[in-house]
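Structure data (TSV, C-alpha atoms) from work_26.tsv:
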chain	number	residue	atom	x	y	z
A	1	MET	CA	-29.39	40.14	-8.80
A	2	THR	CA	-26.30	41.44	-10.52
A	3	ASN	CA	-23.41	39.54	-12.04
A	4	SER	CA	-21.10	40.75	-9.34
A	5	GLU	CA	-23.32	39.24	-6.61
A	6	LEU	CA	-23.33	35.99	-8.52
A	7	SER	CA	-19.60	35.92	-8.76
A	8	ASP	CA	-19.28	36.86	-5.07
A	9	LEU	CA	-21.35	33.83	-4.13
A	10	GLU	CA	-19.43	31.56	-6.49
A	11	ALA	CA	-16.14	32.95	-5.23
A	12	ALA	CA	-17.21	32.26	-1.63
A	13	LEU	CA	-18.12	28.67	-2.61
A	14	ARG	CA	-14.84	28.23	-4.46
A	15	ARG	CA	-12.89	29.16	-1.33
A	16	GLY	CA	-13.78	25.66	-0.12
A	17	ALA	CA	-11.43	24.28	-2.76
A	18	ALA	CA	-8.46	26.02	-1.12
A	19	VAL	CA	-9.03	24.74	2.44
A	20	ASP	CA	-6.21	22.43	3.51
A	21	VAL	CA	-7.77	19.07	4.37
A	22	ASP	CA	-4.79	16.79	3.72
A	23	ALA	CA	-3.68	16.20	7.32
A	24	ALA	CA	-7.23	15.63	8.55
A	25	ALA	CA	-7.93	13.31	5.60
A	26	ALA	CA	-4.76	11.33	6.30
A	27	ALA	CA	-5.74	10.93	9.96
A	28	ALA	CA	-9.27	9.84	9.03
A	29	ALA	CA	-7.81	7.33	6.57
A	30	VAL	CA	-5.71	5.74	9.33
A	31	THR	CA	-8.86	5.24	11.44
A	32	THR	CA	-10.63	3.89	8.36
A	33	VAL	CA	-7.92	1.31	7.70
A	34	ALA	CA	-8.02	0.13	11.33
A	35	ALA	CA	-11.82	-0.26	11.13
A	36	ALA	CA	-11.53	-2.10	7.79
A	37	ASP	CA	-9.02	-4.46	9.35
A	38	ARG	CA	-11.28	-5.14	12.35
A	39	ALA	CA	-14.12	-5.87	9.92
A	40	GLY	CA	-11.96	-8.51	8.23
A	41	LEU	CA	-11.91	-6.64	4.92
A	42	VAL	CA	-8.13	-6.48	4.49
A	43	ASP	CA	-6.97	-9.50	2.48
A	44	VAL	CA	-3.34	-8.39	2.29
A	45	ALA	CA	-1.84	-6.08	4.94
A	46	VAL	CA	1.41	-4.37	3.96
A	47	SER	CA	3.97	-2.24	5.74
A	48	THR	CA	7.67	-1.51	5.85
A	49	VAL	CA	10.00	-2.68	8.60
A	50	ASP	CA	13.33	-0.98	9.05
A	51	SER	CA	16.35	-3.19	9.50
A	52	PRO	CA	20.16	-3.10	9.34
A	53	VAL	CA	19.89	-4.21	5.70
A	54	GLY	CA	17.52	-1.36	4.81
A	55	ASP	CA	13.75	-1.02	4.68
A	56	LEU	CA	11.99	-4.32	4.22
A	57	PHE	CA	8.65	-4.42	2.46
A	58	VAL	CA	6.42	-6.99	4.18
A	59	ALA	CA	2.95	-8.34	3.40
A	60	VAL	CA	0.75	-10.72	5.39
A	61	THR	CA	-2.52	-12.51	4.65
A	62	PRO	CA	-4.69	-14.36	7.16
A	63	LYS	CA	-2.58	-17.44	6.29
A	64	GLY	CA	0.76	-15.85	7.12
A	65	LEU	CA	3.71	-13.92	5.75
A	66	VAL	CA	3.28	-13.86	1.98
A	67	ARG	CA	5.97	-11.42	0.85
A	68	LEU	CA	9.18	-9.97	2.23
A	69	ALA	CA	11.09	-7.89	-0.30
A	70	PHE	CA	14.02	-5.50	-0.36
A	71	ASP	CA	12.61	-3.55	-3.29
A	72	PRO	CA	8.96	-2.42	-2.98
A	73	GLU	CA	8.76	-1.59	-6.71
A	74	ARG	CA	5.69	-3.20	-8.29
A	75	VAL	CA	5.08	-5.38	-5.21
A	76	LEU	CA	1.68	-3.82	-4.43
A	77	ASP	CA	0.55	-4.47	-8.00
A	78	GLU	CA	1.84	-8.03	-7.84
A	79	LEU	CA	-0.10	-8.70	-4.62
A	80	ALA	CA	-3.26	-7.10	-6.04
A	81	GLU	CA	-3.06	-9.19	-9.22
A	82	ARG	CA	-2.08	-12.51	-7.70
A	83	ILE	CA	-3.82	-12.52	-4.31
A	84	SER	CA	-6.49	-9.83	-3.91
A	85	PRO	CA	-6.93	-6.14	-4.78
A	86	ARG	CA	-7.82	-5.56	-1.12
A	87	VAL	CA	-4.21	-4.65	-0.33
A	88	VAL	CA	-4.03	-2.10	2.48
A	89	GLU	CA	-1.27	-0.48	4.53
A	90	ALA	CA	-2.14	-1.75	8.01
A	91	PRO	CA	1.03	-1.49	10.11
A	92	ALA	CA	-0.55	-3.03	13.24
A	93	ARG	CA	-1.17	-6.32	11.42
A	94	LEU	CA	2.55	-6.56	10.77
A	95	ASP	CA	3.55	-6.23	14.45
A	96	PRO	CA	4.38	-9.93	14.98
A	97	VAL	CA	6.56	-9.90	11.85
A	98	ARG	CA	8.27	-6.69	12.96
A	99	ARG	CA	8.93	-8.13	16.43
A	100	GLU	CA	10.51	-11.34	15.12
A	101	LEU	CA	12.63	-9.51	12.57
A	102	ASP	CA	13.85	-7.08	15.26
A	103	GLU	CA	14.82	-10.01	17.48
A	104	TYR	CA	16.54	-11.74	14.57
A	105	PHE	CA	18.63	-8.70	13.66
A	106	ALA	CA	19.47	-8.12	17.33
A	107	GLY	CA	20.88	-11.66	17.46
A	108	ARG	CA	18.21	-12.80	19.92
A	109	ARG	CA	16.31	-15.09	17.57
A	110	ARG	CA	17.68	-18.09	15.68
A	111	ALA	CA	14.47	-19.33	14.06
A	112	PHE	CA	11.27	-17.63	12.95
A	113	ASP	CA	7.92	-18.81	14.34
A	114	LEU	CA	5.99	-16.94	11.63
A	115	ALA	CA	3.59	-18.89	9.43
A	116	VAL	CA	4.41	-18.54	5.74
A	117	ASP	CA	1.68	-18.15	3.13
A	118	TRP	CA	3.07	-19.88	0.01
A	119	SER	CA	0.42	-18.45	-2.35
A	120	LEU	CA	2.95	-16.63	-4.54
A	121	THR	CA	4.80	-19.81	-5.44
A	122	SER	CA	3.77	-23.31	-6.52
A	123	GLY	CA	4.90	-26.66	-7.91
A	124	PHE	CA	8.61	-27.31	-8.19
A	125	ARG	CA	9.54	-23.83	-6.98
A	126	ARG	CA	7.48	-24.27	-3.87
A	127	ARG	CA	9.09	-27.69	-3.16
A	128	VAL	CA	12.54	-26.14	-3.46
A	129	LEU	CA	11.59	-23.18	-1.23
A	130	GLU	CA	10.05	-25.47	1.40
A	131	ALA	CA	13.33	-27.39	1.46
A	132	THR	CA	15.17	-24.06	1.71
A	133	ALA	CA	13.02	-23.14	4.71
A	134	ARG	CA	14.41	-26.18	6.54
A	135	ILE	CA	18.08	-25.12	6.33
A	136	PRO	CA	18.96	-24.36	9.95
A	137	THR	CA	20.34	-21.00	11.04
A	138	GLY	CA	24.13	-20.95	11.01
A	139	HIS	CA	24.31	-23.50	8.17
A	140	VAL	CA	24.58	-23.17	4.42
A	141	THR	CA	23.87	-25.59	1.63
A	142	THR	CA	24.69	-25.64	-2.10
A	143	TYR	CA	22.35	-25.52	-5.11
A	144	GLY	CA	23.48	-29.06	-5.97
A	145	ALA	CA	22.76	-30.44	-2.50
A	146	LEU	CA	19.33	-28.79	-2.52
A	147	ALA	CA	18.66	-30.32	-5.98
A	148	GLN	CA	19.46	-33.72	-4.56
A	149	GLN	CA	17.21	-33.12	-1.60
A	150	VAL	CA	14.17	-32.37	-3.78
A	151	GLY	CA	14.89	-35.47	-5.87
A	152	LYS	CA	16.22	-33.67	-8.97
A	153	PRO	CA	19.97	-34.13	-8.63
A	154	THR	CA	20.68	-32.85	-12.15
A	155	ALA	CA	18.49	-29.77	-11.87
A	156	ALA	CA	20.87	-27.45	-9.99
A	157	ARG	CA	20.14	-24.58	-12.40
A	158	ALA	CA	16.36	-24.93	-12.05
A	159	VAL	CA	16.88	-25.09	-8.29
A	160	GLY	CA	18.89	-21.86	-8.54
A	161	ASN	CA	16.00	-20.19	-10.36
A	162	ALA	CA	13.51	-21.49	-7.80
A	163	VAL	CA	15.61	-20.18	-4.91
A	164	GLY	CA	15.93	-16.85	-6.75
A	165	SER	CA	12.15	-16.60	-7.02
A	166	ASN	CA	11.70	-16.65	-3.23
A	167	PRO	CA	8.81	-14.30	-2.36
A	168	VAL	CA	9.64	-14.34	1.37
A	169	ALA	CA	13.29	-13.32	1.76
A	170	ILE	CA	15.11	-13.80	5.09
A	171	VAL	CA	12.28	-15.82	6.73
A	172	VAL	CA	12.56	-18.41	3.96
A	173	PRO	CA	16.35	-18.31	4.11
A	174	CYS	CA	17.39	-18.45	0.47
A	175	HIS	CA	20.54	-16.59	1.55
A	176	ARG	CA	21.73	-19.92	3.03
A	177	VAL	CA	22.04	-21.45	-0.43
A	178	VAL	CA	25.53	-20.80	-1.80
A	179	PRO	CA	27.60	-21.95	-4.80
A	180	ALA	CA	29.67	-25.11	-4.40
A	181	ALA	CA	32.64	-23.23	-5.88
A	182	GLY	CA	32.74	-20.87	-2.89
A	183	GLY	CA	31.76	-17.27	-2.20
A	184	VAL	CA	28.25	-16.13	-1.28
A	185	GLY	CA	26.91	-16.16	-4.85
A	186	ASN	CA	23.91	-14.27	-6.16
A	187	TYR	CA	21.12	-12.76	-4.11
A	188	GLY	CA	17.95	-10.86	-4.99
A	189	GLY	CA	18.88	-8.19	-2.45
A	190	GLY	CA	22.50	-8.08	-3.64
A	191	PRO	CA	25.54	-10.11	-2.44
A	192	GLU	CA	26.37	-7.58	0.32
A	193	ARG	CA	23.09	-8.23	2.06
A	194	LYS	CA	23.57	-12.00	1.67
A	195	ALA	CA	27.03	-11.78	3.25
A	196	PHE	CA	25.63	-9.61	6.07
A	197	LEU	CA	22.89	-12.16	6.88
A	198	LEU	CA	25.32	-15.11	6.83
A	199	ASP	CA	27.71	-13.21	9.11
A	200	LEU	CA	24.84	-12.35	11.46
A	201	GLU	CA	23.93	-16.04	11.66
A	202	GLY	CA	27.57	-17.09	12.19
A	203	ALA	CA	27.59	-19.13	8.99
A	204	ARG	CA	30.78	-17.62	7.58
B	205	MET	CA	-8.43	-1.30	-16.90
B	206	ARG	CA	-8.18	-3.28	-13.67
B	207	PRO	CA	-8.52	-1.29	-10.44
B	208	PRO	CA	-5.17	-0.65	-8.71
B	209	PRO	CA	-4.32	-2.06	-5.26
B	210	PHE	CA	-6.81	-0.61	-2.75
B	211	GLN	CA	-4.01	1.24	-0.95
B	212	THR	CA	-3.19	3.16	-4.14
B	213	PHE	CA	-6.88	3.92	-4.71
B	214	LEU	CA	-7.22	5.17	-1.11
B	215	GLU	CA	-4.19	7.43	-1.40
B	216	ASN	CA	-5.29	8.81	-4.77
B	217	HIS	CA	-8.84	9.74	-3.68
B	218	ARG	CA	-8.67	10.21	0.09
B	219	ASP	CA	-8.22	14.00	0.01
B	220	SER	CA	-10.85	14.76	-2.63
B	221	VAL	CA	-13.46	12.56	-0.94
B	222	TYR	CA	-12.69	14.12	2.43
B	223	ARG	CA	-12.98	17.63	0.98
B	224	PHE	CA	-16.32	16.75	-0.62
B	225	LEU	CA	-17.55	15.44	2.74
B	226	VAL	CA	-16.30	18.39	4.81
B	227	PHE	CA	-18.40	20.71	2.67
B	228	SER	CA	-21.36	18.32	2.31
B	229	VAL	CA	-21.87	17.13	5.89
B	230	GLY	CA	-19.58	19.47	7.85
B	231	PRO	CA	-16.19	18.82	9.43
B	232	ASP	CA	-17.68	17.03	12.47
B	233	ALA	CA	-19.29	14.26	10.45
B	234	ALA	CA	-16.64	14.08	7.72
B	235	ASP	CA	-14.43	11.54	9.52
B	236	ASP	CA	-17.24	9.03	10.03
B	237	CYS	CA	-18.49	9.51	6.48
B	238	LEU	CA	-14.99	9.02	5.05
B	239	GLN	CA	-14.74	5.76	6.96
B	240	GLU	CA	-18.15	4.55	5.79
B	241	THR	CA	-17.36	5.55	2.21
B	242	PHE	CA	-14.05	3.71	1.97
B	243	ILE	CA	-15.31	0.67	3.89
B	244	ALA	CA	-18.21	0.39	1.44
B	245	ALA	CA	-15.69	0.80	-1.39
B	246	LEU	CA	-13.45	-1.90	0.10
B	247	ARG	CA	-16.40	-4.32	0.39
B	248	ALA	CA	-17.25	-3.83	-3.28
B	249	TYR	CA	-13.66	-3.63	-4.50
B	250	PRO	CA	-13.00	-7.29	-5.45
B	251	ARG	CA	-16.08	-7.27	-7.72
B	252	LEU	CA	-15.10	-4.02	-9.40
B	253	GLU	CA	-14.06	-4.76	-12.98
B	254	ASP	CA	-13.55	-1.32	-14.42
B	255	GLY	CA	-10.99	0.94	-12.78
B	256	SER	CA	-11.21	3.70	-15.38
B	257	ASN	CA	-13.13	6.31	-13.36
B	258	LEU	CA	-12.66	5.47	-9.73
B	259	ARG	CA	-12.99	9.09	-8.66
B	260	ALA	CA	-16.59	9.21	-9.91
B	261	TRP	CA	-17.26	5.78	-8.38
B	262	VAL	CA	-16.03	6.71	-4.90
B	263	LEU	CA	-17.65	10.17	-4.95
B	264	THR	CA	-20.97	8.49	-5.78
B	265	ILE	CA	-20.56	6.36	-2.66
B	266	ALA	CA	-19.55	9.45	-0.63
B	267	HIS	CA	-22.65	11.29	-1.90
B	268	ARG	CA	-24.88	8.44	-0.64
B	269	LYS	CA	-23.12	8.42	2.73
B	270	ALA	CA	-23.60	12.19	2.96
B	271	ILE	CA	-27.34	11.74	2.35
B	272	ASP	CA	-27.44	9.08	5.10
B	273	ALA	CA	-25.64	11.46	7.47
B	274	HIS	CA	-28.11	14.26	6.77
B	275	ARG	CA	-31.05	11.89	7.25
B	276	GLY	CA	-29.61	10.62	10.51
B	277	ARG	CA	-29.21	14.17	11.71
B	278	ALA	CA	-32.81	15.00	10.82
B	279	ARG	CA	-34.05	11.92	12.69
B	280	ARG	CA	-32.04	12.62	15.80
B	281	PRO	CA	-34.47	14.38	18.15
B	282	VAL	CA	-31.95	15.45	20.79
B	283	PRO	CA	-29.53	18.25	19.94
B	284	ALA	CA	-25.85	17.42	19.79
B	285	ALA	CA	-25.31	19.14	23.15
B	286	ASP	CA	-26.49	16.01	24.94
B	287	LEU	CA	-23.99	13.79	23.15
B	288	PRO	CA	-20.55	13.14	24.60
B	289	GLU	CA	-18.20	15.94	23.71
B	290	ARG	CA	-16.39	15.48	20.42
B	291	PRO	CA	-12.87	16.72	19.77
B	292	ALA	CA	-12.68	19.96	17.82
B	293	PRO	CA	-12.90	19.30	14.06
B	294	ALA	CA	-9.53	19.08	12.33
B	295	VAL	CA	-10.63	21.38	9.51
B	296	THR	CA	-11.95	24.92	9.87
B	297	VAL	CA	-14.49	25.89	7.25
B	298	PRO	CA	-14.44	29.51	6.09
B	299	ASP	CA	-17.78	31.27	6.02
B	300	PRO	CA	-19.81	28.82	8.16
B	301	GLY	CA	-23.06	30.67	7.44
B	302	LEU	CA	-22.73	29.93	3.75
B	303	TRP	CA	-22.03	26.24	4.35
B	304	GLN	CA	-24.93	26.04	6.77
B	305	ALA	CA	-27.12	27.27	3.91
B	306	VAL	CA	-25.53	24.76	1.52
B	307	GLY	CA	-26.27	22.01	4.06
B	308	GLU	CA	-29.94	22.93	3.99
B	309	LEU	CA	-30.27	22.54	0.21
B	310	PRO	CA	-32.01	19.48	-1.25
B	311	PRO	CA	-29.45	16.62	-1.51
B	312	LYS	CA	-28.86	16.76	-5.28
B	313	GLN	CA	-28.44	20.53	-5.32
B	314	ARG	CA	-26.14	20.40	-2.34
B	315	ALA	CA	-23.96	17.71	-3.90
B	316	ALA	CA	-23.96	19.43	-7.30
B	317	ILE	CA	-22.85	22.73	-5.72
B	318	VAL	CA	-20.04	21.07	-3.73
B	319	LEU	CA	-18.84	18.98	-6.68
B	320	ARG	CA	-18.94	21.94	-9.05
B	321	PHE	CA	-17.30	24.62	-6.90
B	322	VAL	CA	-15.34	22.83	-4.16
B	323	SER	CA	-14.29	19.72	-6.08
B	324	ASP	CA	-13.98	21.88	-9.22
B	325	LEU	CA	-15.44	19.23	-11.53
B	326	PRO	CA	-17.00	19.78	-14.96
B	327	PHE	CA	-20.80	19.39	-15.23
B	328	ARG	CA	-20.45	16.13	-17.15
B	329	GLU	CA	-18.52	14.61	-14.23
B	330	VAL	CA	-20.96	16.06	-11.67
B	331	GLY	CA	-23.76	14.36	-13.63
B	332	ARG	CA	-21.92	11.07	-13.75
B	333	ILE	CA	-21.35	11.08	-9.98
B	334	LEU	CA	-24.98	11.92	-9.21
B	335	ASP	CA	-26.26	9.56	-11.92
B	336	ILE	CA	-28.06	12.35	-13.80
B	337	SER	CA	-27.46	14.00	-17.19
B	338	GLU	CA	-25.02	16.83	-17.73
B	339	ALA	CA	-28.00	19.15	-18.30
B	340	ALA	CA	-29.60	18.03	-15.05
B	341	ALA	CA	-26.30	18.65	-13.24
B	342	ARG	CA	-26.26	22.19	-14.62
B	343	GLN	CA	-29.87	22.65	-13.58
B	344	ASN	CA	-29.16	21.47	-10.02
B	345	VAL	CA	-26.24	23.87	-9.70
B	346	ARG	CA	-28.37	26.73	-11.07
B	347	GLU	CA	-31.23	25.99	-8.67
B	348	GLY	CA	-28.83	25.55	-5.77
B	349	LEU	CA	-27.24	28.93	-6.49
B	350	ALA	CA	-30.67	30.56	-6.69
B	351	HIS	CA	-31.59	29.13	-3.27
B	352	LEU	CA	-28.29	30.26	-1.79
B	353	ARG	CA	-28.70	33.75	-3.20
B	354	LYS	CA	-31.97	34.04	-1.31
B	355	GLU	CA	-30.71	32.52	1.93
B	356	TYR	CA	-27.18	33.76	1.96
B	357	ALA	CA	-26.62	36.75	-0.32
B	358	ASP	CA	-29.32	38.70	1.59
B	359	ASP	CA	-27.33	38.19	4.78
B	360	GLU	CA	-24.21	39.33	2.99
B	361	GLN	CA	-25.97	42.46	1.81
B	362	ARG	CA	-27.10	43.21	5.35
B	363	ALA	CA	-23.62	42.62	6.67
B	364	VAL	CA	-22.05	45.09	4.27
For this file, produce the structure as structure tokens.
Amino acid sequence: MTNSELSDLEAALRRGAAVDVDAAAAAAAVTTVAAADRAGLVDVAVSTVDSPVGDLFVAVTPKGLVRLAFDPERVLDELAERISPRVVEAPARLDPVRRELDEYFAGRRRAFDLAVDWSLTSGFRRRVLEATARIPTGHVTTYGALAQQVGKPTAARAVGNAVGSNPVAIVVPCHRVVPAAGGVGNYGGGPERKAFLLDLEGAR
Amino acid sequence: MRPPPFQTFLENHRDSVYRFLVFSVGPDAADDCLQETFIAALRAYPRLEDGSNLRAWVLTIAHRKAIDAHRGRARRPVPAADLPERPAPAVTVPDPGLWQAVGELPPKQRAAIVLRFVSDLPFREVGRILDISEAAARQNVREGLAHLRKEYADDEQRAV
């Protein structure tokens, strides 16, 4: 046994480190996620849905749609911390959400039939957002009117904050809440998106 | 340190676990073992408190699944020819004779060899994954190499 034989053997073993496995590993991971989902091990399924207002980050739990965001930054971490670390990209689980959003943006759907999971909100904020969810398509309301509706007529600012905290954009239509003074007002996704959605719904 | 969202964990470790499995159980069984490894990880994930060395944690699981796969193979009396045809493996392993010989090593030696040379991990990490000391990891690699030299290097010599 010489040193050169030793290094030949080690070199042959080390060639395994250079074999490209990435594509095969990615494919195997997709199968794994599908199996995990069938086994009921995915607490939060996430995916992106493309739309006329850009990519939408969506997340569902067994209870319903828990998150719809324009900006995916930190959203995975938020879901892991607040709901469950078993957050997995499982696009098939998001198919019903994708279908309804497609219909909505194509102008073929006026109201969403999706169940909403309110886990990311609670208390006063949740009351405000549940009231927001009842604003019909094609209508708008003001922060003041919404404040009145939840029984806090002087709390327009707190209502504004609650509306701004909406974890489920579009489906919980916080874009239908506008300032009494006119204009579309603020929006988490930016005023251009808010104006686009209101135009789409025929509310402007 | 809390573990990250499972999706992040899967993306971070998917390739290294798959590579470990390809060279531990062969490319045919690697897909099934990857699935079993990450499903076991997902089951345990909510109870996992410490996310500081998830690579070692998941490779430990993969090592156990590789042992199961080898045991299953040994138990199976009928050769694979009688099984329904499988699609060609997605990864081609260089030097199949060598990896055949690696596959026939005792489980700890096999895993130590793959972790040391294919996964390119230091002995301390190899030991942590196999739940043995750094010295024992070194010893397993040394013994594994000695076995391989007998089984494999002789063939090489003949081939030259």
Name the residues in contact with Leu349 of chain B at a cut-off of 9 Å, using all atoms listed in the file, excluding same-chain residues fewer than 4 positions from it; report them as a short mmCIF file (atom, residue, chain, number, x, y, z; two decimals) with C-alpha atoms, in the frame of the given file.
data_model
loop_
_atom_site.label_atom_id
_atom_site.label_comp_id
_atom_site.auth_asym_id
_atom_site.auth_seq_id
_atom_site.Cartn_x
_atom_site.Cartn_y
_atom_site.Cartn_z
CA LEU A 6 -23.33 35.99 -8.52
CA LEU A 9 -21.35 33.83 -4.13
CA GLU A 10 -19.43 31.56 -6.49
CA GLN B 313 -28.44 20.53 -5.32
CA ILE B 317 -22.85 22.73 -5.72
CA ASN B 344 -29.16 21.47 -10.02
CA VAL B 345 -26.24 23.87 -9.70
CA ARG B 353 -28.70 33.75 -3.20
CA LYS B 354 -31.97 34.04 -1.31
#
- [ ] Restrict the distance test to only C-alpha atoms, flag each residue of chain A within 8 Å of chain B, and return the flagged residues as a PyMOL selection string.
- [x] chain A and resi 5-6+9-10+12-17+19-22+24-26+28-29+31-32+35-36+41+76-77+79-80+84-89
Write a file of the selected residues as a CSV table (one decimal), in the frame of the given file, keeping C-alpha atoms.
chain,number,residue,atom,x,y,z
A,5,GLU,CA,-23.3,39.2,-6.6
A,6,LEU,CA,-23.3,36.0,-8.5
A,9,LEU,CA,-21.4,33.8,-4.1
A,10,GLU,CA,-19.4,31.6,-6.5
A,12,ALA,CA,-17.2,32.3,-1.6
A,13,LEU,CA,-18.1,28.7,-2.6
A,14,ARG,CA,-14.8,28.2,-4.5
A,15,ARG,CA,-12.9,29.2,-1.3
A,16,GLY,CA,-13.8,25.7,-0.1
A,17,ALA,CA,-11.4,24.3,-2.8
A,19,VAL,CA,-9.0,24.7,2.4
A,20,ASP,CA,-6.2,22.4,3.5
A,21,VAL,CA,-7.8,19.1,4.4
A,22,ASP,CA,-4.8,16.8,3.7
A,24,ALA,CA,-7.2,15.6,8.6
A,25,ALA,CA,-7.9,13.3,5.6
A,26,ALA,CA,-4.8,11.3,6.3
A,28,ALA,CA,-9.3,9.8,9.0
A,29,ALA,CA,-7.8,7.3,6.6
A,31,THR,CA,-8.9,5.2,11.4
A,32,THR,CA,-10.6,3.9,8.4
A,35,ALA,CA,-11.8,-0.3,11.1
A,36,ALA,CA,-11.5,-2.1,7.8
A,41,LEU,CA,-11.9,-6.6,4.9
A,76,LEU,CA,1.7,-3.8,-4.4
A,77,ASP,CA,0.6,-4.5,-8.0
A,79,LEU,CA,-0.1,-8.7,-4.6
A,80,ALA,CA,-3.3,-7.1,-6.0
A,84,SER,CA,-6.5,-9.8,-3.9
A,85,PRO,CA,-6.9,-6.1,-4.8
A,86,ARG,CA,-7.8,-5.6,-1.1
A,87,VAL,CA,-4.2,-4.6,-0.3
A,88,VAL,CA,-4.0,-2.1,2.5
A,89,GLU,CA,-1.3,-0.5,4.5
Open item on the list: I'd like the interatomic distance between atom CA of Gly107 of chain A and atom CA of Gly202 of chain A, to a tenth of an Å.
Closed with: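 Pair atom CA of Gly107 of chain A / atom CA of Gly202 of chain A returns 10.1 Å.
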Task: Between atom CA of Ala169 of chain A and atom CA of Gly182 of chain A, distance in Å (one decimal) - done: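 It comes out at 21.4 Å.
In this model, the gap between atom CA of Ala339 of chain B and atom CA of Phe327 of chain B comes to 7.8 Å.
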TODO: Can you pull out every residue within 12 Å of segment 188-197 of chain A, counting all atoms listed in the file, but drop anything in the same chain fewer than 6 positions away, and send it as a ChimeraX atom specification?
DONE: /A:51-57,68-72,104-107,110,137-140,160-171,173-178,203-204
- [ ] Identify which of the residues A:Ala158, A:Ala147, A:Thr142, A:Glu73 lies closest to Ala180 of chain A, counting only C-alpha atoms when measuring atom-to-atom distances.
- [x]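 Closest to Ala180 of chain A of all the choices is A:Thr142.
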- [ ] Tell me which protein, DNA and RNA residues are within 9 Å of Ala92 of chain A, counting all atoms listed in the file, leaving out same-chain ones fewer than 2 positions away, and put them as number ranges by chain.
- [x] A: 34, 45, 47, 90, 94-96
Open item on the list: Here is a test: counting only C-alpha atoms, which residue of A:Gly144, A:Val42, A:Val150, A:Val97 is nearest to Leu129 of chain A?
Closed with: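 Nearest to Leu129 of chain A: A:Val150.
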Using the partial input, fill out segment 244-256 of chain B with N, CA and C atoms; write the result as a compact mmCIF listing (two decimals), in the frame of the given file.
# COMPACT_ATOMS: atom_id res chain seq x y z
N ALA B 244 -17.28 0.87 2.48
CA ALA B 244 -18.21 0.39 1.44
C ALA B 244 -17.44 0.11 0.15
N ALA B 245 -16.50 0.99 -0.18
CA ALA B 245 -15.69 0.80 -1.39
C ALA B 245 -14.86 -0.49 -1.28
N LEU B 246 -14.30 -0.71 -0.10
CA LEU B 246 -13.45 -1.90 0.10
C LEU B 246 -14.28 -3.18 -0.01
N ARG B 247 -15.51 -3.14 0.51
CA ARG B 247 -16.40 -4.32 0.39
C ARG B 247 -16.65 -4.65 -1.08
N ALA B 248 -16.89 -3.61 -1.88
CA ALA B 248 -17.25 -3.83 -3.28
C ALA B 248 -16.03 -4.05 -4.17
N TYR B 249 -14.86 -3.73 -3.66
CA TYR B 249 -13.66 -3.63 -4.50
C TYR B 249 -13.31 -4.90 -5.30
N PRO B 250 -13.38 -6.09 -4.67
CA PRO B 250 -13.00 -7.29 -5.45
C PRO B 250 -13.90 -7.54 -6.65
N ARG B 251 -15.14 -7.04 -6.61
CA ARG B 251 -16.08 -7.27 -7.72
C ARG B 251 -16.00 -6.18 -8.77
N LEU B 252 -15.18 -5.17 -8.50
CA LEU B 252 -15.10 -4.02 -9.40
C LEU B 252 -14.23 -4.38 -10.60
N GLU B 253 -14.81 -4.33 -11.80
CA GLU B 253 -14.06 -4.76 -12.98
C GLU B 253 -13.35 -3.59 -13.64
N ASP B 254 -14.03 -2.45 -13.62
CA ASP B 254 -13.55 -1.32 -14.42
C ASP B 254 -12.95 -0.26 -13.50
N GLY B 255 -11.66 -0.05 -13.63
CA GLY B 255 -10.99 0.94 -12.78
C GLY B 255 -10.76 2.26 -13.49
N SER B 256 -11.54 2.54 -14.56
CA SER B 256 -11.21 3.70 -15.38
C SER B 256 -11.69 5.03 -14.79
